[in-house]
file model00.cif (mmCIF, C-alpha atoms)
data_model
#
loop_
_atom_site.label_atom_id
_atom_site.label_comp_id
_atom_site.auth_asym_id
_atom_site.auth_seq_id
_atom_site.Cartn_x
_atom_site.Cartn_y
_atom_site.Cartn_z
CA MET F 1 73.16 80.22 -10.60
CA LYS F 2 76.74 79.09 -10.17
CA THR F 3 77.88 77.63 -6.90
CA PHE F 4 80.92 78.96 -5.05
CA GLU F 5 82.95 75.94 -6.17
CA GLU F 6 82.11 76.56 -9.82
CA LYS F 7 82.97 80.25 -9.57
CA TRP F 8 86.22 79.50 -7.76
CA THR F 9 87.27 76.97 -10.40
CA ALA F 10 86.41 79.37 -13.20
CA TRP F 11 88.38 82.11 -11.40
CA VAL F 12 91.47 79.88 -10.99
CA ASP F 13 91.31 78.92 -14.68
CA GLY F 14 90.86 82.54 -15.80
CA GLN F 15 87.37 81.87 -17.09
CA LEU F 16 85.71 84.71 -15.19
CA ASN F 17 85.64 88.14 -16.70
CA GLY F 18 83.81 91.44 -16.61
CA ARG F 19 81.15 91.89 -14.02
CA GLU F 20 81.25 88.25 -12.91
CA LEU F 21 84.98 88.56 -12.10
CA SER F 22 84.66 91.79 -10.15
CA GLU F 23 81.66 90.47 -8.21
CA PHE F 24 83.45 87.27 -7.32
CA GLU F 25 86.64 89.03 -6.23
CA ALA F 26 84.62 91.47 -4.16
CA SER F 27 82.90 88.56 -2.43
CA LEU F 28 86.18 87.02 -1.27
CA PRO F 29 86.71 87.64 2.46
CA ASN F 30 90.51 87.52 2.18
CA LYS F 31 91.66 88.31 -1.31
CA ALA F 32 95.38 87.90 -0.56
CA ALA F 33 94.85 84.36 0.78
CA ALA F 34 92.64 83.55 -2.19
CA GLU F 35 95.30 84.79 -4.61
CA ALA F 36 97.89 82.60 -2.85
CA GLU F 37 95.54 79.64 -3.13
CA LYS F 38 95.05 80.36 -6.82
CA ALA F 39 98.81 80.58 -7.38
CA GLY F 40 99.15 77.25 -5.58
CA ALA F 41 96.52 75.66 -7.82
CA LEU F 42 98.35 76.89 -10.92
CA LYS F 43 101.66 75.55 -9.60
CA LEU F 44 99.98 72.25 -8.88
CA GLY F 45 98.73 72.13 -12.47
CA GLU F 46 102.23 72.78 -13.79
CA LEU F 47 103.66 70.09 -11.52
CA LEU F 48 101.12 67.52 -12.66
CA LYS F 49 101.67 68.36 -16.30
CA ARG F 50 105.43 68.15 -16.01
CA GLU F 51 105.58 64.95 -14.01
CA LEU F 52 102.71 62.97 -15.45
CA SER F 53 102.91 63.82 -19.13
CA ALA F 54 106.18 61.96 -19.46
CA ARG F 55 104.62 58.50 -19.24
CA THR F 56 104.96 56.91 -22.65
CA LEU F 57 103.75 53.66 -24.09
CA THR F 58 106.62 51.27 -24.62
CA ASN F 59 106.21 48.63 -27.31
CA GLU F 60 103.75 50.73 -29.29
CA GLU F 61 103.84 48.40 -32.26
CA PHE F 62 103.19 45.39 -30.08
CA PHE F 63 100.24 47.22 -28.56
CA SER F 64 98.72 47.72 -32.02
CA HIS F 65 99.56 44.18 -33.06
CA GLN F 66 97.85 42.75 -29.99
CA LEU F 67 94.84 44.95 -30.57
CA ARG F 68 94.55 43.81 -34.20
CA GLU F 69 94.64 40.20 -33.04
CA ASN F 70 92.00 40.88 -30.42
CA ILE F 71 89.77 42.53 -33.00
CA VAL F 72 90.10 39.59 -35.39
CA ARG F 73 89.41 37.15 -32.54
CA ARG F 74 86.36 39.10 -31.40
CA CYS F 75 85.09 39.37 -34.98
CA ASP F 76 85.40 35.60 -35.42
CA ALA F 77 83.75 34.96 -32.08
CA GLY F 78 80.98 37.42 -32.98
CA ALA F 79 80.38 35.71 -36.33
CA ARG F 80 80.29 32.29 -34.67
CA GLU F 81 77.90 33.58 -32.08
CA ALA F 82 75.69 35.08 -34.78
CA ARG F 83 75.71 31.81 -36.70
CA SER F 84 74.88 29.78 -33.62
CA THR F 85 72.05 32.20 -32.83
CA TRP F 86 70.60 31.76 -36.31
CA TRP F 87 70.88 27.99 -35.95
CA THR F 88 69.15 28.07 -32.66
CA ILE F 89 65.94 29.64 -33.95
CA PRO F 90 65.05 26.92 -36.51
CA ARG F 91 66.29 24.33 -34.06
CA LEU F 92 63.91 25.67 -31.47
CA LEU F 93 61.06 25.64 -33.97
CA TRP F 94 61.77 22.07 -34.98
CA THR F 95 62.07 20.98 -31.39
CA GLY F 96 58.79 22.66 -30.56
CA ALA F 97 56.99 21.07 -33.51
CA ALA F 98 58.39 17.63 -32.76
CA SER F 99 57.41 17.91 -29.10
CA LEU F 100 53.90 18.92 -30.08
CA ALA F 101 53.62 15.99 -32.48
CA VAL F 102 54.83 13.50 -29.87
CA PHE F 103 52.42 14.98 -27.35
CA LEU F 104 49.50 14.67 -29.76
CA VAL F 105 50.36 11.07 -30.67
CA PHE F 106 50.62 10.05 -27.04
CA THR F 107 47.45 11.88 -26.15
CA VAL F 108 45.49 10.19 -28.92
CA VAL F 109 46.84 6.71 -28.15
CA VAL F 110 46.51 6.96 -24.40
CA MET F 111 43.10 8.58 -24.50
CA HIS F 112 41.90 6.06 -27.03
CA GLU F 113 42.94 3.16 -24.85
CA LYS F 114 41.72 4.61 -21.62
CA ASN F 115 38.27 3.63 -20.32
CA PRO F 116 35.91 6.48 -19.87
CA ALA F 117 34.98 6.71 -16.24
CA GLU F 118 31.27 6.17 -16.78
CA GLU F 119 31.71 2.94 -18.77
CA SER F 120 31.68 -0.54 -17.22
CA GLN F 121 34.99 -2.17 -16.59
CA TYR F 122 33.74 -4.98 -18.90
CA LEU F 123 34.09 -4.30 -22.54
CA THR F 124 31.79 -6.35 -24.66
CA GLN F 125 32.61 -7.16 -28.21
CA ILE F 126 30.17 -8.87 -30.45
CA LEU F 127 32.03 -11.04 -32.86
CA ASN F 128 31.50 -10.35 -36.51
CA ALA F 129 31.53 -14.01 -37.30
CA ARG F 130 28.01 -15.27 -37.16
CA VAL F 131 27.01 -18.81 -36.49
CA ASP F 132 25.05 -20.43 -39.26
CA PRO F 133 21.39 -19.67 -38.43
CA VAL F 134 20.24 -22.96 -39.94
CA VAL F 135 22.49 -25.03 -37.71
CA SER F 136 22.15 -22.92 -34.52
CA PRO F 137 19.29 -20.44 -34.88
CA ASN F 138 19.53 -19.11 -31.30
CA ALA F 139 23.26 -19.05 -31.02
CA SER F 140 25.12 -15.96 -29.93
CA LEU F 141 28.68 -15.36 -29.06
CA SER F 142 30.10 -12.67 -26.89
CA ILE F 143 33.55 -11.80 -25.60
CA PHE F 144 34.05 -10.10 -22.28
CA LYS F 145 37.34 -8.51 -21.58
CA VAL F 146 38.47 -7.27 -18.20
CA LYS F 147 41.33 -5.07 -19.22
CA GLN F 148 42.66 -4.44 -15.76
CA ASP F 149 43.04 -8.16 -15.04
CA ARG F 150 43.91 -9.04 -18.64
CA VAL F 151 41.13 -11.64 -18.73
CA THR F 152 39.10 -12.48 -21.78
CA VAL F 153 35.90 -14.54 -21.50
CA LEU F 154 34.27 -16.09 -24.53
CA TRP F 155 30.53 -16.43 -23.81
CA THR F 156 28.48 -18.70 -26.01
CA GLU F 157 24.78 -19.42 -25.89
CA GLY F 158 22.60 -21.79 -27.90
CA LEU F 159 25.56 -23.16 -29.76
CA GLN F 160 25.15 -26.77 -30.71
CA SER F 161 28.41 -27.14 -32.55
CA LEU F 162 31.22 -24.88 -33.64
CA PRO F 163 31.41 -24.54 -37.42
CA ALA F 164 34.58 -26.07 -38.80
CA ASP F 165 35.58 -23.00 -40.73
CA TYR F 166 35.13 -20.71 -37.68
CA ALA F 167 37.14 -23.05 -35.48
CA ALA F 168 39.89 -22.93 -38.02
CA LYS F 169 40.10 -19.17 -37.65
CA MET G 1 108.13 52.58 -36.63
CA GLN G 2 105.03 54.71 -36.74
CA THR G 3 104.89 57.88 -34.73
CA GLU G 4 102.06 59.76 -33.13
CA ALA G 5 100.36 62.16 -35.50
CA THR G 6 100.25 65.86 -34.82
CA PRO G 7 96.88 67.46 -34.03
CA ALA G 8 96.91 69.15 -37.45
CA GLN G 9 97.20 65.82 -39.23
CA ALA G 10 94.49 64.46 -37.01
CA ASP G 11 92.09 67.25 -37.96
CA VAL G 12 92.61 66.76 -41.68
CA SER G 13 91.54 63.18 -42.07
CA GLU G 14 90.14 62.03 -38.77
CA LEU G 15 86.56 62.07 -39.92
CA ASP G 16 87.56 60.28 -43.09
CA LEU G 17 89.29 57.60 -41.03
CA VAL G 18 86.21 57.25 -38.86
CA ARG G 19 83.99 56.83 -41.94
CA ARG G 20 86.33 54.13 -43.25
CA CYS G 21 86.26 52.41 -39.85
CA GLN G 22 82.48 52.48 -39.94
CA ALA G 23 82.67 50.67 -43.28
CA GLY G 24 84.76 47.96 -41.59
CA ASP G 25 88.23 49.13 -42.61
CA THR G 26 90.57 47.85 -39.89
CA GLU G 27 93.57 49.66 -41.35
CA ALA G 28 91.83 52.99 -40.82
CA PHE G 29 91.15 51.99 -37.23
CA ASP G 30 94.78 51.02 -36.86
CA GLU G 31 95.70 54.54 -37.94
CA LEU G 32 93.42 56.06 -35.32
CA VAL G 33 94.89 53.77 -32.68
CA THR G 34 98.38 54.86 -33.68
CA ARG G 35 97.36 58.47 -33.19
CA TYR G 36 95.84 58.07 -29.77
CA ARG G 37 97.38 55.00 -28.16
CA THR G 38 100.06 56.87 -26.19
CA ARG G 39 97.70 59.53 -24.88
CA VAL G 40 95.10 56.94 -23.97
CA PHE G 41 97.64 54.72 -22.26
CA SER G 42 99.18 57.65 -20.40
CA MET G 43 95.78 58.86 -19.22
CA ILE G 44 94.80 55.41 -17.97
CA TYR G 45 98.18 54.88 -16.34
CA ASN G 46 97.79 58.11 -14.39
CA MET G 47 94.42 56.86 -13.19
CA VAL G 48 95.40 53.32 -12.19
CA HIS G 49 99.17 53.54 -11.56
CA SER G 50 99.96 50.13 -12.97
CA GLU G 51 101.50 49.59 -16.39
CA GLN G 52 99.98 46.17 -16.90
CA ASP G 53 96.50 47.27 -15.92
CA ALA G 54 96.83 50.42 -18.01
CA TRP G 55 97.86 48.30 -21.01
CA ASP G 56 94.89 45.95 -20.59
CA LEU G 57 92.43 48.77 -20.04
CA ALA G 58 93.74 50.63 -23.09
CA GLN G 59 93.30 47.46 -25.17
CA ASP G 60 89.81 47.03 -23.81
CA SER G 61 88.95 50.67 -24.54
CA PHE G 62 90.08 50.47 -28.15
CA LEU G 63 88.24 47.18 -28.61
CA LYS G 64 85.05 48.77 -27.32
CA ALA G 65 85.66 51.73 -29.62
CA TRP G 66 85.97 49.40 -32.61
CA LYS G 67 82.79 47.56 -31.67
CA SER G 68 80.79 50.77 -31.29
CA ILE G 69 82.39 52.92 -33.98
CA LYS G 70 79.26 52.64 -36.12
CA ARG G 71 77.38 54.57 -33.46
CA PHE G 72 79.80 57.51 -33.65
CA ARG G 73 77.86 60.37 -35.24
CA GLY G 74 80.62 62.94 -35.37
CA ARG G 75 78.86 65.43 -33.09
CA SER G 76 82.02 65.62 -30.97
CA SER G 77 85.62 65.01 -31.92
CA PHE G 78 86.80 61.43 -32.12
CA TYR G 79 89.19 62.22 -29.30
CA THR G 80 86.38 63.25 -26.94
CA TRP G 81 84.37 60.23 -28.01
CA ILE G 82 87.17 57.76 -27.33
CA TYR G 83 87.90 59.49 -24.05
CA ARG G 84 84.35 58.79 -22.99
CA ILE G 85 84.94 55.09 -23.62
CA VAL G 86 88.30 55.20 -21.87
CA MET G 87 86.80 56.90 -18.84
CA ASN G 88 83.88 54.48 -18.63
CA VAL G 89 86.20 51.49 -18.82
CA THR G 90 88.71 52.89 -16.33
CA ILE G 91 86.24 54.27 -13.79
CA ASP G 92 84.28 51.00 -13.86
CA TRP G 93 87.50 49.10 -13.29
CA LEU G 94 88.51 51.36 -10.39
CA ARG G 95 85.10 51.00 -8.78
CA LYS G 96 85.20 47.23 -9.06
CA LYS G 97 88.70 47.17 -7.65
CA HIS G 98 87.61 49.43 -4.82
CA VAL G 99 84.62 47.19 -4.07
CA LYS G 100 86.74 44.05 -4.13
CA GLY G 101 89.22 45.73 -1.80
CA ALA G 102 92.07 44.00 -3.50
CA GLY G 103 94.72 45.94 -1.65
CA ALA G 104 96.30 49.26 -2.42
CA GLU G 105 96.31 50.65 -5.92
CA PHE G 106 99.99 51.48 -6.04
CA ASP G 107 101.18 48.25 -7.53
CA ASP G 108 104.30 49.80 -8.95
CA ALA G 109 105.06 51.77 -5.82
CA ILE G 110 104.66 48.67 -3.68
CA GLU G 111 106.99 46.77 -5.95
CA LEU G 112 109.57 49.49 -5.59
CA ARG G 113 109.32 49.34 -1.83
CA GLU G 114 109.32 45.58 -1.68
CA ILE G 115 112.36 45.01 -3.84
CA ASP G 116 115.44 44.27 -1.85
CA PRO G 117 118.00 46.96 -2.75
CA SER G 118 120.72 44.34 -2.89
CA SER G 119 118.76 41.90 -5.03
CA ARG G 120 119.74 41.10 -8.62
CA THR G 121 116.61 42.80 -9.93
CA VAL G 122 118.31 46.15 -9.44
CA PRO G 123 120.28 47.08 -12.53
CA LYS G 124 124.00 46.69 -12.03
CA THR G 125 124.85 50.32 -12.14
CA GLU G 126 126.40 52.62 -9.66
CA ALA G 127 124.09 54.59 -7.40
CA LEU G 128 121.20 56.18 -9.28
CA PRO G 129 121.71 59.85 -10.09
CA TYR G 130 120.27 62.11 -7.44
CA GLU G 131 117.97 63.87 -9.84
CA THR G 132 116.39 60.64 -11.00
CA MET G 133 115.81 59.52 -7.44
CA GLU G 134 114.28 62.83 -6.52
CA ARG G 135 112.03 62.76 -9.55
CA ASN G 136 110.90 59.24 -8.78
CA GLU G 137 110.12 60.33 -5.28
CA ILE G 138 108.08 63.26 -6.50
CA ARG G 139 106.17 61.04 -8.91
CA GLY G 140 105.52 58.59 -6.13
CA ARG G 141 104.14 61.38 -3.97
CA ILE G 142 101.93 62.61 -6.80
CA GLU G 143 100.61 59.13 -7.52
CA GLN G 144 99.85 58.55 -3.87
CA ALA G 145 98.00 61.85 -3.68
CA ILE G 146 96.00 61.15 -6.82
CA ALA G 147 95.06 57.73 -5.46
CA GLN G 148 93.29 59.47 -2.60
CA LEU G 149 90.87 61.12 -5.01
CA SER G 150 87.70 59.47 -6.19
CA ALA G 151 87.77 57.97 -9.67
CA GLU G 152 85.70 60.86 -11.03
CA GLN G 153 87.93 63.50 -9.42
CA ARG G 154 91.02 61.82 -10.84
CA ALA G 155 89.50 61.78 -14.29
CA VAL G 156 88.56 65.45 -14.12
CA ILE G 157 91.88 66.78 -12.87
CA LEU G 158 93.94 64.66 -15.25
CA MET G 159 91.88 65.67 -18.25
CA LYS G 160 92.11 69.32 -17.25
CA GLU G 161 95.72 69.57 -16.19
CA ILE G 162 97.45 66.96 -18.34
CA GLU G 163 95.30 66.90 -21.45
CA GLY G 164 94.31 70.56 -21.29
CA MET G 165 90.71 69.75 -22.13
CA GLN G 166 87.95 72.33 -21.80
CA TYR G 167 85.17 71.98 -19.25
CA HIS G 168 82.59 71.06 -21.88
CA GLU G 169 84.88 68.41 -23.39
CA ILE G 170 85.44 66.85 -19.97
CA ALA G 171 81.71 66.96 -19.29
CA GLU G 172 81.05 65.22 -22.60
CA ALA G 173 83.70 62.59 -21.93
CA LEU G 174 82.32 61.86 -18.48
CA GLY G 175 78.66 62.24 -19.36
CA CYS G 176 77.96 64.86 -16.69
CA SER G 177 77.23 68.59 -16.51
CA ILE G 178 79.84 71.33 -16.75
CA GLY G 179 78.90 72.40 -13.22
CA THR G 180 79.71 68.93 -11.94
CA VAL G 181 83.07 69.02 -13.72
CA MET G 182 83.91 72.38 -12.13
CA SER G 183 82.82 71.22 -8.71
CA ARG G 184 84.88 68.02 -8.93
CA LEU G 185 87.84 70.05 -10.12
CA PHE G 186 87.48 72.35 -7.12
CA TYR G 187 87.60 69.50 -4.59
CA ALA G 188 90.31 67.59 -6.45
CA ARG G 189 92.54 70.66 -6.48
CA LYS G 190 91.91 71.41 -2.83
CA LYS G 191 92.82 67.89 -1.82
CA LEU G 192 95.92 67.73 -4.00
CA GLN G 193 97.05 71.16 -2.82
CA ASN G 194 96.84 69.97 0.77
CA LEU G 195 98.75 66.79 0.00
CA LEU G 196 101.38 68.21 -2.34
CA ARG G 197 101.90 71.76 -1.10
CA ASP G 198 105.45 71.04 0.06
CA VAL G 199 106.25 69.48 -3.31
CA TYR G 200 105.14 72.27 -5.61
CA GLU G 201 106.26 75.04 -3.26
CA ASN G 202 109.83 73.73 -3.12
CA ILE G 203 110.43 73.25 -6.82
#
call {"tool": "encode", "arguments": {"input": "model00.cif", "output": "structure tokens"}}
result
Amino acid sequence: MKTFEEKWTAWVDGQLNGRELSEFEASLPNKAAAEAEKAGALKLGELLKRELSARTLTNEEFFSHQLRENIVRRCDAGAREARSTWWTIPRLLWTGAASLAVFLVFTVVVMHEKNPAEESQYLTQILNARVDPVVSPNASLSIFKVKQDRVTVLWTEGLQSLPADYAAK
Amino acid sequence: MQTEATPAQADVSELDLVRRCQAGDTEAFDELVTRYRTRVFSMIYNMVHSEQDAWDLAQDSFLKAWKSIKRFRGRSSFYTWIYRIVMNVTIDWLRKKHVKGAGAEFDDAIELREIDPSSRTVPKTEALPYETMERNEIRGRIEQAIAQLSAEQRAVILMKEIEGMQYHEIAEALGCSIGTVMSRLFYARKKLQNLLRDVYENI
């Protein structure tokens, strides 16, 4: 269903015919005024065409020249952008992998050095070097470290003398 | 100097030129630009009423056409297709300008009014011929009247009256229905008739 505006426009432009035309013209309350309005619209069209068609493009060749330059510039910029995009993807991957590696290394080192909460603050290390059982049968050596205070205590028991070779170490 | 091609020439090899453009041939695109640059510029100028802006918008439109030429499927004529780009670019620009409220749109008209008649910018000739003055005045009136239309109404009436495009071509170029085109045309004509009645009745 066409609106009045659509029918009017079609009527002015001579696009109505047959039954549609006769029905529309019959529906007009004042046909003479409508005809005058239509004539005015056609005159307006002629005026616009005559006055506004004359505008021409000066420097046509310069227009094309500038456009060609713009196209070349945009193409170059597009290619650069594409290249930089392709570089970014591997760069991102490498950055991600490197970050992960650094994170893992730090995690391992830090976690390894950190005291578990349930352990004593004293870390006891039994020395591998053993005192000669013939010389000091009941001897034992222990080292206590207090990490927080950076204190190391060497605890000896039953030691009668320190072996010369051990002392040298 | 190259000249604008006739419609007959355009029909013969336009599709061929488009195919070559789609393959990246800039010379073929240059040929299409040569065919349509004046019409495109003129259309934009009548919408924006500023030569510099019309030039820039025409450049922008052709650039966009080049960038999207691969998407042209040939369902409509190249002319309708490029008009769609031109209209999108120009209407967007007019809307932005309207939103910014950067003053009146009649840059050229303002310049004409602001120029001191005795300044050196006026060509050193005797008084302008009466006919030229009258014609300039009429054009000024027309441009002022058109500036009172919405961007969409301007586009519709210019495409219909200046370019002689059919309703369906205008609808395709503007991406709206034929009914909308006819409705916009109705209101644009009414408004222009009210504003320019004394002009077209006295010629």
call {"tool": "closest_residue", "arguments": {"input": "model00.cif", "among": "G:Ile69, G:Leu63, G:Leu15, G:Ile146", "to": "chain F", "atoms": "all atoms listed in the file"}}
result
G:Leu63
call {"tool": "closest_atom_pairs", "arguments": {"input": "model00.cif", "of": "chain G", "to": "chain F", "cutoff": "6 Å", "atoms": "all atoms listed in the file", "output": "JSON lines"}}
result
{"residue": "G:Thr38", "atom": "CA", "partner": "F:Leu57", "partner_atom": "CA", "distance": 5.3}
{"residue": "G:Ser42", "atom": "CA", "partner": "F:Arg55", "partner_atom": "CA", "distance": 5.6}
{"residue": "G:Glu161", "atom": "CA", "partner": "F:Gly45", "partner_atom": "CA", "distance": 5.4}
{"residue": "G:Ile162", "atom": "CA", "partner": "F:Lys49", "partner_atom": "CA", "distance": 4.9}
{"residue": "G:Met182", "atom": "CA", "partner": "F:Glu6", "partner_atom": "CA", "distance": 5.1}
{"residue": "G:Ser183", "atom": "CA", "partner": "F:Glu5", "partner_atom": "CA", "distance": 5.4}
{"residue": "G:Phe186", "atom": "CA", "partner": "F:Thr9", "partner_atom": "CA", "distance": 5.7}
call {"tool": "atom_distance", "arguments": {"input": "model00.cif", "atom1": "CA of Trp66 (chain G)", "atom2": "CA of Cys21 (chain G)"}}
result
7.8 Å
call {"tool": "resolve_selection", "arguments": {"input": "model00.cif", "expression": "the PyMOL selection byres ((chain G and resi 197) around 12)", "output": "list in words"}}
result
Ala36, Glu37, Ala39, Gly40, Ala41, Leu42, Lys43, Leu44, Gly45 and Leu47 of chain F; Ile138, Arg141, Ile142, Ala145, Arg189, Lys190, Lys191, Leu192, Gln193, Asn194, Leu195, Leu196, Asp198, Val199, Tyr200, Glu201, Asn202 and Ile203 of chain G
call {"tool": "axis_aligned_box", "arguments": {"input": "model00.cif", "around": "region 66-79 of chain F", "padding_each_side": "4 Å", "output": "lines of an AutoDock Vina configuration file"}}
result
center_x = 89.1
center_y = 40.0
center_z = -33.2
size_x = 25.5
size_y = 18.0
size_z = 14.3
call {"tool": "atom_distance", "arguments": {"input": "model00.cif", "atom1": "CA of Lys38 (chain F)", "atom2": "CA of Leu185 (chain G)"}}
result
13.0 Å
call {"tool": "atom_distance", "arguments": {"input": "model00.cif", "atom1": "CA of Ala77 (chain F)", "atom2": "CA of Asp60 (chain G)"}}
result
15.8 Å
call {"tool": "residues_around", "arguments": {"input": "model00.cif", "residues": "region 153-156 of chain F", "least_positions_apart": "3", "cutoff": "7 Å", "atoms": "all atoms listed in the file", "output": "number ranges by chain"}}
result
F: 140-145, 159
call {"tool": "decode", "arguments": {"input": "model00.cif", "residues": "region 57-76 of chain F", "atoms": "N, CA and C atoms", "output": "short mmCIF file (atom, residue, chain, number, x, y, z; two decimals), in the first residue's frame"}}
result
data_model
loop_
_atom_site.label_atom_id
_atom_site.label_comp_id
_atom_site.auth_asym_id
_atom_site.auth_seq_id
_atom_site.Cartn_x
_atom_site.Cartn_y
_atom_site.Cartn_z
N LEU F 57 34.70 20.12 -12.53
CA LEU F 57 35.90 19.90 -11.75
C LEU F 57 37.07 20.57 -12.46
N THR F 58 37.63 21.58 -11.84
CA THR F 58 38.82 22.19 -12.44
C THR F 58 40.02 21.35 -12.04
N ASN F 59 41.07 21.43 -12.79
CA ASN F 59 42.28 20.63 -12.51
C ASN F 59 41.99 19.14 -12.46
N GLU F 60 41.31 18.65 -13.47
CA GLU F 60 40.94 17.22 -13.49
C GLU F 60 42.16 16.32 -13.39
N GLU F 61 43.19 16.70 -14.17
CA GLU F 61 44.39 15.85 -14.19
C GLU F 61 45.09 15.84 -12.84
N PHE F 62 45.06 16.99 -12.18
CA PHE F 62 45.68 17.04 -10.85
C PHE F 62 44.89 16.18 -9.87
N PHE F 63 43.58 16.17 -10.05
CA PHE F 63 42.72 15.35 -9.19
C PHE F 63 43.14 13.87 -9.32
N SER F 64 43.30 13.43 -10.56
CA SER F 64 43.68 12.02 -10.79
C SER F 64 45.09 11.76 -10.27
N HIS F 65 45.97 12.71 -10.50
CA HIS F 65 47.35 12.56 -10.04
C HIS F 65 47.40 12.41 -8.51
N GLN F 66 46.66 13.27 -7.84
CA GLN F 66 46.63 13.22 -6.38
C GLN F 66 46.04 11.89 -5.89
N LEU F 67 45.03 11.45 -6.59
CA LEU F 67 44.39 10.18 -6.21
C LEU F 67 45.36 9.01 -6.39
N ARG F 68 46.10 9.03 -7.51
CA ARG F 68 47.08 7.96 -7.74
C ARG F 68 48.12 7.94 -6.61
N GLU F 69 48.56 9.12 -6.24
CA GLU F 69 49.56 9.21 -5.15
C GLU F 69 48.98 8.68 -3.83
N ASN F 70 47.73 9.05 -3.59
CA ASN F 70 47.08 8.57 -2.36
C ASN F 70 46.96 7.06 -2.35
N ILE F 71 46.62 6.51 -3.52
CA ILE F 71 46.47 5.05 -3.61
C ILE F 71 47.81 4.37 -3.33
N VAL F 72 48.86 4.88 -3.96
CA VAL F 72 50.20 4.30 -3.75
C VAL F 72 50.59 4.40 -2.28
N ARG F 73 50.32 5.58 -1.67
CA ARG F 73 50.67 5.77 -0.27
C ARG F 73 49.89 4.80 0.63
N ARG F 74 48.61 4.67 0.34
CA ARG F 74 47.78 3.76 1.14
C ARG F 74 48.23 2.31 0.97
N CYS F 75 48.60 1.97 -0.29
CA CYS F 75 49.04 0.59 -0.55
C CYS F 75 50.30 0.30 0.26
N ASP F 76 51.24 1.27 0.24
CA ASP F 76 52.48 1.10 0.99
C ASP F 76 52.19 0.98 2.49
#
